[in-house]
Structure formats: structure tokens, C-alpha cells
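Source file: run-v4.pdb; contents: PDB, N, CA, C and O atoms and all ligand atoms.
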ATOM      1  N   MET B   1      81.079  87.919 113.449
ATOM      2  CA  MET B   1      81.161  89.279 112.922
ATOM      3  C   MET B   1      81.505  89.222 111.432
ATOM      4  O   MET B   1      82.401  88.485 111.047
ATOM      5  N   PRO B   2      80.781  89.956 110.660
ATOM      6  CA  PRO B   2      81.081  89.922 109.213
ATOM      7  C   PRO B   2      82.411  90.610 108.906
ATOM      8  O   PRO B   2      82.834  91.524 109.622
ATOM      9  N   VAL B   3      83.028  90.149 107.858
ATOM     10  CA  VAL B   3      84.275  90.760 107.408
ATOM     11  C   VAL B   3      83.965  91.637 106.205
ATOM     12  O   VAL B   3      83.295  91.205 105.282
ATOM     13  N   TYR B   4      84.428  92.850 106.282
ATOM     14  CA  TYR B   4      84.218  93.769 105.168
ATOM     15  C   TYR B   4      85.538  94.060 104.504
ATOM     16  O   TYR B   4      86.578  94.092 105.157
ATOM     17  N   GLU B   5      85.456  94.286 103.225
ATOM     18  CA  GLU B   5      86.657  94.681 102.499
ATOM     19  C   GLU B   5      86.521  96.123 102.072
ATOM     20  O   GLU B   5      85.485  96.521 101.557
ATOM     21  N   TYR B   6      87.569  96.840 102.282
ATOM     22  CA  TYR B   6      87.586  98.243 101.885
ATOM     23  C   TYR B   6      88.793  98.499 101.023
ATOM     24  O   TYR B   6      89.815  97.827 101.126
ATOM     25  N   ILE B   7      88.667  99.514 100.196
ATOM     26  CA  ILE B   7      89.806  99.957  99.398
ATOM     27  C   ILE B   7      89.719 101.459  99.277
ATOM     28  O   ILE B   7      88.623 102.035  99.362
ATOM     29  N   THR B   8      90.849 102.089  99.106
ATOM     30  CA  THR B   8      90.845 103.537  99.036
ATOM     31  C   THR B   8      89.975 104.009  97.881
ATOM     32  O   THR B   8      89.918 103.371  96.835
ATOM     33  N   SER B   9      89.290 105.106  98.068
ATOM     34  CA  SER B   9      88.517 105.639  96.960
ATOM     35  C   SER B   9      89.349 106.637  96.171
ATOM     36  O   SER B   9      88.919 107.133  95.148
ATOM     37  N   ASP B  10      90.532 106.933  96.650
ATOM     38  CA  ASP B  10      91.430 107.816  95.915
ATOM     39  C   ASP B  10      92.852 107.259  95.988
ATOM     40  O   ASP B  10      93.587 107.527  96.928
ATOM     41  N   PRO B  11      93.218 106.449  95.002
ATOM     42  CA  PRO B  11      94.522 105.774  95.054
ATOM     43  C   PRO B  11      95.700 106.740  95.153
ATOM     44  O   PRO B  11      96.791 106.344  95.541
ATOM     45  N   GLU B  12      95.483 107.994  94.831
ATOM     46  CA  GLU B  12      96.567 108.969  94.929
ATOM     47  C   GLU B  12      96.879 109.293  96.389
ATOM     48  O   GLU B  12      97.979 109.716  96.711
ATOM     49  N   LYS B  13      95.874 109.120  97.238
ATOM     50  CA  LYS B  13      96.036 109.586  98.610
ATOM     51  C   LYS B  13      96.198 108.467  99.620
ATOM     52  O   LYS B  13      96.699 108.693 100.698
ATOM     53  N   GLY B  14      95.701 107.288  99.307
ATOM     54  CA  GLY B  14      95.675 106.246 100.312
ATOM     55  C   GLY B  14      97.063 105.820 100.752
ATOM     56  O   GLY B  14      98.074 106.100 100.110
ATOM     57  N   CYS B  15      97.095 105.110 101.871
ATOM     58  CA  CYS B  15      98.353 104.560 102.340
ATOM     59  C   CYS B  15      98.558 103.190 101.704
ATOM     60  O   CYS B  15      97.719 102.707 100.940
ATOM     61  N   ARG B  16      99.657 102.535 102.058
ATOM     62  CA  ARG B  16      99.961 101.235 101.456
ATOM     63  C   ARG B  16      98.866 100.220 101.716
ATOM     64  O   ARG B  16      98.629  99.335 100.938
ATOM     65  N   ILE B  17      98.224 100.342 102.867
ATOM     66  CA  ILE B  17      97.211  99.362 103.236
ATOM     67  C   ILE B  17      95.948  99.544 102.397
ATOM     68  O   ILE B  17      95.472  98.617 101.766
ATOM     69  N   CYS B  18      95.422 100.750 102.390
ATOM     70  CA  CYS B  18      94.131 100.910 101.731
ATOM     71  C   CYS B  18      94.279 101.000 100.212
ATOM     72  O   CYS B  18      93.310 100.808  99.488
ATOM     73  N   GLN B  19      95.474 101.277  99.726
ATOM     74  CA  GLN B  19      95.647 101.248  98.277
ATOM     75  C   GLN B  19      95.480  99.838  97.728
ATOM     76  O   GLN B  19      95.025  99.647  96.627
ATOM     77  N   LYS B  20      95.894  98.872  98.545
ATOM     78  CA  LYS B  20      95.759  97.484  98.111
ATOM     79  C   LYS B  20      94.432  96.885  98.526
ATOM     80  O   LYS B  20      94.059  95.823  98.052
ATOM     81  N   GLY B  21      93.758  97.565  99.418
ATOM     82  CA  GLY B  21      92.519  97.031  99.959
ATOM     83  C   GLY B  21      92.825  96.254 101.222
ATOM     84  O   GLY B  21      93.899  95.682 101.368
ATOM     85  N   PHE B  22      91.892  96.283 102.151
ATOM     86  CA  PHE B  22      92.103  95.573 103.412
ATOM     87  C   PHE B  22      90.773  95.025 103.892
ATOM     88  O   PHE B  22      89.703  95.439 103.440
ATOM     89  N   GLU B  23      90.875  94.067 104.791
ATOM     90  CA  GLU B  23      89.673  93.474 105.368
ATOM     91  C   GLU B  23      89.582  93.879 106.815
ATOM     92  O   GLU B  23      90.596  94.003 107.495
ATOM     93  N   ILE B  24      88.373  94.092 107.248
ATOM     94  CA  ILE B  24      88.199  94.464 108.644
ATOM     95  C   ILE B  24      86.907  93.836 109.144
ATOM     96  O   ILE B  24      85.937  93.711 108.404
ATOM     97  N   ARG B  25      86.950  93.393 110.387
ATOM     98  CA  ARG B  25      85.751  92.830 111.005
ATOM     99  C   ARG B  25      85.036  93.927 111.752
ATOM    100  O   ARG B  25      85.654  94.641 112.545
ATOM    101  N   ARG B  26      83.771  94.052 111.503
ATOM    102  CA  ARG B  26      82.995  95.052 112.217
ATOM    103  C   ARG B  26      81.642  94.462 112.554
ATOM    104  O   ARG B  26      81.054  93.766 111.755
ATOM    105  N   PRO B  27      81.157  94.794 113.717
ATOM    106  CA  PRO B  27      79.802  94.339 114.056
ATOM    107  C   PRO B  27      78.797  95.004 113.124
ATOM    108  O   PRO B  27      79.011  96.128 112.673
ATOM    109  N   LEU B  28      77.707  94.303 112.870
ATOM    110  CA  LEU B  28      76.680  94.845 111.985
ATOM    111  C   LEU B  28      76.110  96.158 112.491
ATOM    112  O   LEU B  28      75.600  96.965 111.723
ATOM    113  N   THR B  29      76.194  96.339 113.798
ATOM    114  CA  THR B  29      75.584  97.525 114.384
ATOM    115  C   THR B  29      76.412  98.780 114.165
ATOM    116  O   THR B  29      75.929  99.887 114.342
ATOM    117  N   ARG B  30      77.673  98.576 113.796
ATOM    118  CA  ARG B  30      78.511  99.764 113.572
ATOM    119  C   ARG B  30      78.254 100.292 112.176
ATOM    120  O   ARG B  30      78.025  99.525 111.249
ATOM    121  N   PRO B  31      78.308 101.596 112.023
ATOM    122  CA  PRO B  31      78.134 102.158 110.679
ATOM    123  C   PRO B  31      79.306 101.786 109.787
ATOM    124  O   PRO B  31      80.386 101.452 110.278
ATOM    125  N   ALA B  32      79.084 101.864 108.487
ATOM    126  CA  ALA B  32      80.141 101.519 107.552
ATOM    127  C   ALA B  32      81.331 102.445 107.746
ATOM    128  O   ALA B  32      81.188 103.623 108.064
ATOM    129  N   LEU B  33      82.471 101.857 107.545
ATOM    130  CA  LEU B  33      83.703 102.628 107.648
ATOM    131  C   LEU B  33      83.791 103.547 106.435
ATOM    132  O   LEU B  33      83.516 103.130 105.325
ATOM    133  N   ASP B  34      84.154 104.785 106.640
ATOM    134  CA  ASP B  34      84.347 105.608 105.451
ATOM    135  C   ASP B  34      85.719 106.260 105.412
ATOM    136  O   ASP B  34      86.054 106.940 104.457
ATOM    137  N   LEU B  35      86.502 106.022 106.441
ATOM    138  CA  LEU B  35      87.873 106.510 106.414
ATOM    139  C   LEU B  35      88.818 105.360 106.730
ATOM    140  O   LEU B  35      88.513 104.504 107.546
ATOM    141  N   CYS B  36      89.955 105.361 106.096
ATOM    142  CA  CYS B  36      90.969 104.367 106.409
ATOM    143  C   CYS B  36      91.407 104.560 107.854
ATOM    144  O   CYS B  36      91.701 105.675 108.264
ATOM    145  N   PRO B  37      91.430 103.485 108.643
ATOM    146  CA  PRO B  37      91.823 103.631 110.051
ATOM    147  C   PRO B  37      93.266 104.082 110.215
ATOM    148  O   PRO B  37      93.647 104.576 111.272
ATOM    149  N   LEU B  38      94.072 103.908 109.179
ATOM    150  CA  LEU B  38      95.479 104.289 109.295
ATOM    151  C   LEU B  38      95.745 105.699 108.806
ATOM    152  O   LEU B  38      96.315 106.511 109.518
ATOM    153  N   CYS B  39      95.326 105.969 107.579
ATOM    154  CA  CYS B  39      95.722 107.259 107.012
ATOM    155  C   CYS B  39      94.577 108.265 106.974
ATOM    156  O   CYS B  39      94.782 109.408 106.600
ATOM    157  N   ARG B  40      93.380 107.838 107.383
ATOM    158  CA  ARG B  40      92.215 108.715 107.456
ATOM    159  C   ARG B  40      91.811 109.282 106.101
ATOM    160  O   ARG B  40      91.203 110.343 106.031
ATOM    161  N   ASN B  41      92.151 108.594 105.044
ATOM    162  CA  ASN B  41      91.650 109.000 103.739
ATOM    163  C   ASN B  41      90.404 108.192 103.431
ATOM    164  O   ASN B  41      90.214 107.115 103.979
ATOM    165  N   PRO B  42      89.556 108.701 102.553
ATOM    166  CA  PRO B  42      88.293 108.016 102.280
ATOM    167  C   PRO B  42      88.485 106.627 101.689
ATOM    168  O   PRO B  42      89.358 106.421 100.837
ATOM    169  N   VAL B  43      87.699 105.696 102.170
ATOM    170  CA  VAL B  43      87.706 104.340 101.615
ATOM    171  C   VAL B  43      86.285 103.979 101.214
ATOM    172  O   VAL B  43      85.320 104.568 101.692
ATOM    173  N   LYS B  44      86.191 103.012 100.344
ATOM    174  CA  LYS B  44      84.870 102.518  99.978
ATOM    175  C   LYS B  44      84.822 101.023 100.207
ATOM    176  O   LYS B  44      85.847 100.347 100.164
ATOM    177  N   LYS B  45      83.630 100.562 100.465
ATOM    178  CA  LYS B  45      83.452  99.148 100.760
ATOM    179  C   LYS B  45      83.397  98.364  99.461
ATOM    180  O   LYS B  45      82.747  98.762  98.512
ATOM    181  N   LEU B  46      84.100  97.265  99.457
ATOM    182  CA  LEU B  46      84.010  96.367  98.309
ATOM    183  C   LEU B  46      82.920  95.346  98.579
ATOM    184  O   LEU B  46      82.667  94.985  99.714
ATOM    185  N   VAL B  47      82.315  94.881  97.547
ATOM    186  CA  VAL B  47      81.355  93.794  97.687
ATOM    187  C   VAL B  47      82.137  92.577  98.139
ATOM    188  O   VAL B  47      83.113  92.183  97.503
ATOM    189  N   SER B  48      81.725  92.010  99.258
ATOM    190  CA  SER B  48      82.537  90.945  99.816
ATOM    191  C   SER B  48      82.503  89.704  98.940
ATOM    192  O   SER B  48      81.507  89.386  98.321
ATOM    193  N   ARG B  49      83.634  89.039  98.950
ATOM    194  CA  ARG B  49      83.810  87.882  98.075
ATOM    195  C   ARG B  49      82.955  86.713  98.524
ATOM    196  O   ARG B  49      83.011  86.318  99.677
ATOM    197  N   GLY B  50      82.234  86.173  97.612
ATOM    198  CA  GLY B  50      81.606  84.880  97.824
ATOM    199  C   GLY B  50      80.525  84.801  98.894
ATOM    200  O   GLY B  50      80.127  83.707  99.224
ATOM    201  N   VAL B  51      80.084  85.896  99.442
ATOM    202  CA  VAL B  51      79.051  85.803 100.451
ATOM    203  C   VAL B  51      77.672  86.046  99.833
ATOM    204  O   VAL B  51      76.869  85.146  99.713
ATOM    205  N   THR B  52      77.465  87.282  99.423
ATOM    206  CA  THR B  52      76.172  87.614  98.825
ATOM    207  C   THR B  52      76.297  87.664  97.296
ATOM    208  O   THR B  52      77.173  87.020  96.726
ATOM    209  N   SER B  53      75.458  88.408  96.677
ATOM    210  CA  SER B  53      75.462  88.775  95.270
ATOM    211  C   SER B  53      76.211  87.848  94.328
ATOM    212  O   SER B  53      77.396  88.054  94.089
ATOM    213  N   PRO B  54      75.523  86.844  93.822
ATOM    214  CA  PRO B  54      76.148  86.067  92.749
ATOM    215  C   PRO B  54      76.385  86.989  91.559
ATOM    216  O   PRO B  54      75.518  87.781  91.194
ATOM    217  N   LYS B  55      77.554  86.900  91.017
ATOM    218  CA  LYS B  55      77.889  87.819  89.931
ATOM    219  C   LYS B  55      77.308  87.314  88.611
ATOM    220  O   LYS B  55      77.604  86.223  88.182
ATOM    221  N   VAL B  56      76.475  88.123  88.030
ATOM    222  CA  VAL B  56      75.971  87.801  86.710
ATOM    223  C   VAL B  56      76.830  88.577  85.720
ATOM    224  O   VAL B  56      76.453  89.618  85.214
ATOM    225  N   ALA B  57      77.993  88.056  85.513
ATOM    226  CA  ALA B  57      78.936  88.769  84.671
ATOM    227  C   ALA B  57      78.752  88.359  83.216
ATOM    228  O   ALA B  57      79.120  87.273  82.820
ATOM    229  N   LYS B  58      78.167  89.264  82.506
ATOM    230  CA  LYS B  58      77.959  89.020  81.088
ATOM    231  C   LYS B  58      79.102  89.708  80.356
ATOM    232  O   LYS B  58      79.388  90.874  80.631
ATOM    233  N   PRO B  59      79.753  89.024  79.470
ATOM    234  CA  PRO B  59      80.823  89.702  78.746
ATOM    235  C   PRO B  59      80.263  90.867  77.944
ATOM    236  O   PRO B  59      79.174  90.782  77.391
ATOM    237  N   LEU B  60      80.987  91.925  77.937
ATOM    238  CA  LEU B  60      80.543  93.133  77.265
ATOM    239  C   LEU B  60      80.681  92.940  75.756
ATOM    240  O   LEU B  60      81.749  92.650  75.252
ATOM    241  N   SER B  61      79.579  93.069  75.072
ATOM    242  CA  SER B  61      79.651  92.917  73.623
ATOM    243  C   SER B  61      80.100  94.221  72.984
ATOM    244  O   SER B  61      80.084  95.278  73.609
ATOM    245  N   VAL B  62      80.492  94.146  71.749
ATOM    246  CA  VAL B  62      80.920  95.342  71.031
ATOM    247  C   VAL B  62      79.797  96.367  71.010
ATOM    248  O   VAL B  62      80.018  97.549  71.253
ATOM    249  N   VAL B  63      78.580  95.893  70.792
ATOM    250  CA  VAL B  63      77.435  96.812  70.738
ATOM    251  C   VAL B  63      77.236  97.504  72.082
ATOM    252  O   VAL B  63      77.079  98.712  72.155
ATOM    253  N   ASP B  64      77.278  96.713  73.150
ATOM    254  CA  ASP B  64      77.117  97.295  74.476
ATOM    255  C   ASP B  64      78.211  98.297  74.774
ATOM    256  O   ASP B  64      77.979  99.360  75.329
ATOM    257  N   ALA B  65      79.416  97.946  74.407
ATOM    258  CA  ALA B  65      80.546  98.823  74.671
ATOM    259  C   ALA B  65      80.375 100.130  73.930
ATOM    260  O   ALA B  65      80.627 101.207  74.461
ATOM    261  N   LYS B  66      79.920 100.048  72.691
ATOM    262  CA  LYS B  66      79.720 101.276  71.912
ATOM    263  C   LYS B  66      78.612 102.116  72.516
ATOM    264  O   LYS B  66      78.727 103.328  72.588
ATOM    265  N   LYS B  67      77.557 101.440  72.966
ATOM    266  CA  LYS B  67      76.455 102.169  73.598
ATOM    267  C   LYS B  67      76.940 102.895  74.835
ATOM    268  O   LYS B  67      76.488 103.969  75.168
ATOM    269  N   ALA B  68      77.869 102.266  75.524
ATOM    270  CA  ALA B  68      78.407 102.873  76.732
ATOM    271  C   ALA B  68      79.451 103.929  76.404
ATOM    272  O   ALA B  68      80.056 104.505  77.293
ATOM    273  N   GLY B  69      79.686 104.170  75.149
ATOM    274  CA  GLY B  69      80.563 105.256  74.755
ATOM    275  C   GLY B  69      82.019 104.870  74.571
ATOM    276  O   GLY B  69      82.879 105.734  74.463
ATOM    277  N   PHE B  70      82.295 103.588  74.542
ATOM    278  CA  PHE B  70      83.665 103.172  74.325
ATOM    279  C   PHE B  70      83.970 103.126  72.835
ATOM    280  O   PHE B  70      83.098 102.828  72.023
ATOM    281  N   THR B  71      85.200 103.407  72.531
ATOM    282  CA  THR B  71      85.663 103.155  71.179
ATOM    283  C   THR B  71      86.204 101.736  71.156
ATOM    284  O   THR B  71      87.053 101.379  71.964
ATOM    285  N   VAL B  72      85.667 100.942  70.280
ATOM    286  CA  VAL B  72      86.040  99.537  70.268
ATOM    287  C   VAL B  72      87.129  99.307  69.242
ATOM    288  O   VAL B  72      86.971  99.606  68.060
ATOM    289  N   LEU B  73      88.225  98.801  69.729
ATOM    290  CA  LEU B  73      89.345  98.527  68.841
ATOM    291  C   LEU B  73      89.600  97.031  68.842
ATOM    292  O   LEU B  73      89.561  96.381  69.871
ATOM    293  N   GLU B  74      89.824  96.503  67.717
ATOM    294  CA  GLU B  74      90.128  95.086  67.646
ATOM    295  C   GLU B  74      91.500  94.924  67.025
ATOM    296  O   GLU B  74      91.835  95.579  66.035
ATOM    297  N   LYS B  75      92.257  94.039  67.622
ATOM    298  CA  LYS B  75      93.607  93.835  67.123
ATOM    299  C   LYS B  75      93.558  92.995  65.853
ATOM    300  O   LYS B  75      93.015  91.892  65.852
ATOM    301  N   ARG B  76      94.084  93.532  64.786
ATOM    302  CA  ARG B  76      94.051  92.808  63.517
ATOM    303  C   ARG B  76      95.386  92.116  63.244
ATOM    304  O   ARG B  76      95.446  90.941  62.960
ATOM    305  N   ASP B  77      96.420  92.877  63.300
ATOM    306  CA  ASP B  77      97.752  92.334  63.060
ATOM    307  C   ASP B  77      98.645  92.803  64.190
ATOM    308  O   ASP B  77      98.223  93.556  65.035
ATOM    309  N   GLU B  78      99.850  92.387  64.168
ATOM    310  CA  GLU B  78     100.794  92.865  65.156
ATOM    311  C   GLU B  78     100.864  94.389  65.058
ATOM    312  O   GLU B  78     101.243  94.929  64.023
ATOM    313  N   GLY B  79     100.423  95.065  66.067
ATOM    314  CA  GLY B  79     100.552  96.510  66.096
ATOM    315  C   GLY B  79      99.527  97.276  65.283
ATOM    316  O   GLY B  79      99.631  98.482  65.163
ATOM    317  N   THR B  80      98.571  96.608  64.702
ATOM    318  CA  THR B  80      97.569  97.312  63.908
ATOM    319  C   THR B  80      96.210  97.150  64.563
ATOM    320  O   THR B  80      95.794  96.033  64.852
ATOM    321  N   TYR B  81      95.529  98.248  64.809
ATOM    322  CA  TYR B  81      94.203  98.193  65.392
ATOM    323  C   TYR B  81      93.209  98.805  64.426
ATOM    324  O   TYR B  81      93.497  99.808  63.782
ATOM    325  N   GLU B  82      92.092  98.195  64.330
ATOM    326  CA  GLU B  82      91.081  98.716  63.441
ATOM    327  C   GLU B  82      89.905  99.195  64.273
ATOM    328  O   GLU B  82      89.446  98.492  65.155
ATOM    329  N   LYS B  83      89.439 100.392  63.955
ATOM    330  CA  LYS B  83      88.275 100.908  64.656
ATOM    331  C   LYS B  83      87.028 100.255  64.074
ATOM    332  O   LYS B  83      86.805 100.309  62.878
ATOM    333  N   LEU B  84      86.230  99.658  64.933
ATOM    334  CA  LEU B  84      85.044  98.938  64.437
ATOM    335  C   LEU B  84      83.857  99.875  64.344
ATOM    336  O   LEU B  84      83.697 100.743  65.164
TER     337      LEU B  84
HETATM  338 ZN    ZN Y   1      94.998 104.186 104.331
END

What is this structure when it is put down as C-alpha cells?
Amino acid sequence: MPVYEYITSDPEKGCRICQKGFEIRRPLTRPALDLCPLCRNPVKKLVSRGVTSPKVAKPLSVVDAKKAGFTVLEKRDEGTYEKL
């Protein structure tokens, strides 16, 4: 049986278990869990570790970050940030 990881989709509401994320074994034939079995708040499935999807994690460049609407700050000196 595959192991799925879930975590609360609303950290304000989840219980101690789903706030930290939990693993649960479920048969493939069962539908995905959408509520925490303990507190009945919504949970979302995490991509399981190391099974599928090799992570193509490309570091976010300054240009990409700006395109995505982030303000890019770079630390210049102790306590001084410069907007790039
Ligand atoms: Zn919960």
C-alpha cells in the first residue's frame, strides 16, 4: 500500500498532527484524503518523498524572482539592504 503524506491546508485550523504533516497508508483504490482524520479540517497531499517526480530544482535567479513579482533585496552590510 502506498504511503501518502498530508498536511493541513490551513495551518490556523489544523490539529497538532496535520499542522506538522502526517503519513497515512491508503489503498490506491481509495479516493484521496481531503480531511484530517482527527480534526476534520482540510488537508492536502504532499508529493511523496523520493518515490516519483525527481525534483528539478533550479535556484531562483534575481530576474526570475522579479518576473514573479518579488522585490529582491540583497544584504550589503550588517543591517543594510539594497533594492536591486
Ligand atoms: Zn488535523

Cut-off 8 Å, only N, CA, C and O atoms and all ligand atoms, neighbours of ligand ZN 1 (chain Y) as a PDB file with N, CA, C and O atoms, in the frame of the given file:
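Output file selection_13.pdb is given in full below:
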ATOM      1  N   ILE B   7      88.667  99.514 100.196  1.00  0.00           N
ATOM      2  CA  ILE B   7      89.806  99.957  99.398  1.00  0.00           C
ATOM      3  C   ILE B   7      89.719 101.459  99.277  1.00  0.00           C
ATOM      4  O   ILE B   7      88.623 102.035  99.362  1.00  0.00           O
ATOM      5  N   THR B   8      90.849 102.089  99.106  1.00  0.00           N
ATOM      6  CA  THR B   8      90.845 103.537  99.036  1.00  0.00           C
ATOM      7  C   THR B   8      89.975 104.009  97.881  1.00  0.00           C
ATOM      8  O   THR B   8      89.918 103.371  96.835  1.00  0.00           O
ATOM      9  N   LYS B  13      95.874 109.120  97.238  1.00  0.00           N
ATOM     10  CA  LYS B  13      96.036 109.586  98.610  1.00  0.00           C
ATOM     11  C   LYS B  13      96.198 108.467  99.620  1.00  0.00           C
ATOM     12  O   LYS B  13      96.699 108.693 100.698  1.00  0.00           O
ATOM     13  N   GLY B  14      95.701 107.288  99.307  1.00  0.00           N
ATOM     14  CA  GLY B  14      95.675 106.246 100.312  1.00  0.00           C
ATOM     15  C   GLY B  14      97.063 105.820 100.752  1.00  0.00           C
ATOM     16  O   GLY B  14      98.074 106.100 100.110  1.00  0.00           O
ATOM     17  N   CYS B  15      97.095 105.110 101.871  1.00  0.00           N
ATOM     18  CA  CYS B  15      98.353 104.560 102.340  1.00  0.00           C
ATOM     19  C   CYS B  15      98.558 103.190 101.704  1.00  0.00           C
ATOM     20  O   CYS B  15      97.719 102.707 100.940  1.00  0.00           O
ATOM     21  N   ARG B  16      99.657 102.535 102.058  1.00  0.00           N
ATOM     22  CA  ARG B  16      99.961 101.235 101.456  1.00  0.00           C
ATOM     23  C   ARG B  16      98.866 100.220 101.716  1.00  0.00           C
ATOM     24  O   ARG B  16      98.629  99.335 100.938  1.00  0.00           O
ATOM     25  N   ILE B  17      98.224 100.342 102.867  1.00  0.00           N
ATOM     26  CA  ILE B  17      97.211  99.362 103.236  1.00  0.00           C
ATOM     27  C   ILE B  17      95.948  99.544 102.397  1.00  0.00           C
ATOM     28  O   ILE B  17      95.472  98.617 101.766  1.00  0.00           O
ATOM     29  N   CYS B  18      95.422 100.750 102.390  1.00  0.00           N
ATOM     30  CA  CYS B  18      94.131 100.910 101.731  1.00  0.00           C
ATOM     31  C   CYS B  18      94.279 101.000 100.212  1.00  0.00           C
ATOM     32  O   CYS B  18      93.310 100.808  99.488  1.00  0.00           O
ATOM     33  N   GLN B  19      95.474 101.277  99.726  1.00  0.00           N
ATOM     34  CA  GLN B  19      95.647 101.248  98.277  1.00  0.00           C
ATOM     35  C   GLN B  19      95.480  99.838  97.728  1.00  0.00           C
ATOM     36  O   GLN B  19      95.025  99.647  96.627  1.00  0.00           O
ATOM     37  N   LYS B  20      95.894  98.872  98.545  1.00  0.00           N
ATOM     38  CA  LYS B  20      95.759  97.484  98.111  1.00  0.00           C
ATOM     39  C   LYS B  20      94.432  96.885  98.526  1.00  0.00           C
ATOM     40  O   LYS B  20      94.059  95.823  98.052  1.00  0.00           O
ATOM     41  N   LEU B  35      86.502 106.022 106.441  1.00  0.00           N
ATOM     42  CA  LEU B  35      87.873 106.510 106.414  1.00  0.00           C
ATOM     43  C   LEU B  35      88.818 105.360 106.730  1.00  0.00           C
ATOM     44  O   LEU B  35      88.513 104.504 107.546  1.00  0.00           O
ATOM     45  N   CYS B  36      89.955 105.361 106.096  1.00  0.00           N
ATOM     46  CA  CYS B  36      90.969 104.367 106.409  1.00  0.00           C
ATOM     47  C   CYS B  36      91.407 104.560 107.854  1.00  0.00           C
ATOM     48  O   CYS B  36      91.701 105.675 108.264  1.00  0.00           O
ATOM     49  N   PRO B  37      91.430 103.485 108.643  1.00  0.00           N
ATOM     50  CA  PRO B  37      91.823 103.631 110.051  1.00  0.00           C
ATOM     51  C   PRO B  37      93.266 104.082 110.215  1.00  0.00           C
ATOM     52  O   PRO B  37      93.647 104.576 111.272  1.00  0.00           O
ATOM     53  N   LEU B  38      94.072 103.908 109.179  1.00  0.00           N
ATOM     54  CA  LEU B  38      95.479 104.289 109.295  1.00  0.00           C
ATOM     55  C   LEU B  38      95.745 105.699 108.806  1.00  0.00           C
ATOM     56  O   LEU B  38      96.315 106.511 109.518  1.00  0.00           O
ATOM     57  N   CYS B  39      95.326 105.969 107.579  1.00  0.00           N
ATOM     58  CA  CYS B  39      95.722 107.259 107.012  1.00  0.00           C
ATOM     59  C   CYS B  39      94.577 108.265 106.974  1.00  0.00           C
ATOM     60  O   CYS B  39      94.782 109.408 106.600  1.00  0.00           O
ATOM     61  N   ARG B  40      93.380 107.838 107.383  1.00  0.00           N
ATOM     62  CA  ARG B  40      92.215 108.715 107.456  1.00  0.00           C
ATOM     63  C   ARG B  40      91.811 109.282 106.101  1.00  0.00           C
ATOM     64  O   ARG B  40      91.203 110.343 106.031  1.00  0.00           O
ATOM     65  N   ASN B  41      92.151 108.594 105.044  1.00  0.00           N
ATOM     66  CA  ASN B  41      91.650 109.000 103.739  1.00  0.00           C
ATOM     67  C   ASN B  41      90.404 108.192 103.431  1.00  0.00           C
ATOM     68  O   ASN B  41      90.214 107.115 103.979  1.00  0.00           O
ATOM     69  N   PRO B  42      89.556 108.701 102.553  1.00  0.00           N
ATOM     70  CA  PRO B  42      88.293 108.016 102.280  1.00  0.00           C
ATOM     71  C   PRO B  42      88.485 106.627 101.689  1.00  0.00           C
ATOM     72  O   PRO B  42      89.358 106.421 100.837  1.00  0.00           O
ATOM     73  N   VAL B  43      87.699 105.696 102.170  1.00  0.00           N
ATOM     74  CA  VAL B  43      87.706 104.340 101.615  1.00  0.00           C
ATOM     75  C   VAL B  43      86.285 103.979 101.214  1.00  0.00           C
ATOM     76  O   VAL B  43      85.320 104.568 101.692  1.00  0.00           O
TER      77      VAL B  43
END

Please evaluate the PyMOL selection byres (((chain B and resi 3) around 7) and not hetatm) against the displayed coordinates and give the resulting residues as a list in words.
Met1, Pro2, Tyr4, Glu5, Glu23, Ile24, Arg25, Arg26, Leu46, Ser48 and Arg49 of chain B

Protein/DNA/RNA residues near (85.8, 97.9, 73.1), cut 8 Å, only N, CA, C and O atoms, as number ranges by chain:
B: 60-66, 70-74

Just to be explicit: take each residue in the selection above, keep N, CA, C and O atoms, and write the result as an mmCIF file, in the coordinates of the input.
data_model
loop_
_atom_site.group_PDB
_atom_site.id
_atom_site.type_symbol
_atom_site.label_atom_id
_atom_site.label_comp_id
_atom_site.auth_asym_id
_atom_site.auth_seq_id
_atom_site.Cartn_x
_atom_site.Cartn_y
_atom_site.Cartn_z
ATOM 1 N N LEU B 60 80.987 91.925 77.937
ATOM 2 C CA LEU B 60 80.543 93.133 77.265
ATOM 3 C C LEU B 60 80.681 92.940 75.756
ATOM 4 O O LEU B 60 81.749 92.650 75.252
ATOM 5 N N SER B 61 79.579 93.069 75.072
ATOM 6 C CA SER B 61 79.651 92.917 73.623
ATOM 7 C C SER B 61 80.100 94.221 72.984
ATOM 8 O O SER B 61 80.084 95.278 73.609
ATOM 9 N N VAL B 62 80.492 94.146 71.749
ATOM 10 C CA VAL B 62 80.920 95.342 71.031
ATOM 11 C C VAL B 62 79.797 96.367 71.010
ATOM 12 O O VAL B 62 80.018 97.549 71.253
ATOM 13 N N VAL B 63 78.580 95.893 70.792
ATOM 14 C CA VAL B 63 77.435 96.812 70.738
ATOM 15 C C VAL B 63 77.236 97.504 72.082
ATOM 16 O O VAL B 63 77.079 98.712 72.155
ATOM 17 N N ASP B 64 77.278 96.713 73.150
ATOM 18 C CA ASP B 64 77.117 97.295 74.476
ATOM 19 C C ASP B 64 78.211 98.297 74.774
ATOM 20 O O ASP B 64 77.979 99.360 75.329
ATOM 21 N N ALA B 65 79.416 97.946 74.407
ATOM 22 C CA ALA B 65 80.546 98.823 74.671
ATOM 23 C C ALA B 65 80.375 100.130 73.930
ATOM 24 O O ALA B 65 80.627 101.207 74.461
ATOM 25 N N LYS B 66 79.920 100.048 72.691
ATOM 26 C CA LYS B 66 79.720 101.276 71.912
ATOM 27 C C LYS B 66 78.612 102.116 72.516
ATOM 28 O O LYS B 66 78.727 103.328 72.588
ATOM 29 N N PHE B 70 82.295 103.588 74.542
ATOM 30 C CA PHE B 70 83.665 103.172 74.325
ATOM 31 C C PHE B 70 83.970 103.126 72.835
ATOM 32 O O PHE B 70 83.098 102.828 72.023
ATOM 33 N N THR B 71 85.200 103.407 72.531
ATOM 34 C CA THR B 71 85.663 103.155 71.179
ATOM 35 C C THR B 71 86.204 101.736 71.156
ATOM 36 O O THR B 71 87.053 101.379 71.964
ATOM 37 N N VAL B 72 85.667 100.942 70.280
ATOM 38 C CA VAL B 72 86.040 99.537 70.268
ATOM 39 C C VAL B 72 87.129 99.307 69.242
ATOM 40 O O VAL B 72 86.971 99.606 68.060
ATOM 41 N N LEU B 73 88.225 98.801 69.729
ATOM 42 C CA LEU B 73 89.345 98.527 68.841
ATOM 43 C C LEU B 73 89.600 97.031 68.842
ATOM 44 O O LEU B 73 89.561 96.381 69.871
ATOM 45 N N GLU B 74 89.824 96.503 67.717
ATOM 46 C CA GLU B 74 90.128 95.086 67.646
ATOM 47 C C GLU B 74 91.500 94.924 67.025
ATOM 48 O O GLU B 74 91.835 95.579 66.035
#
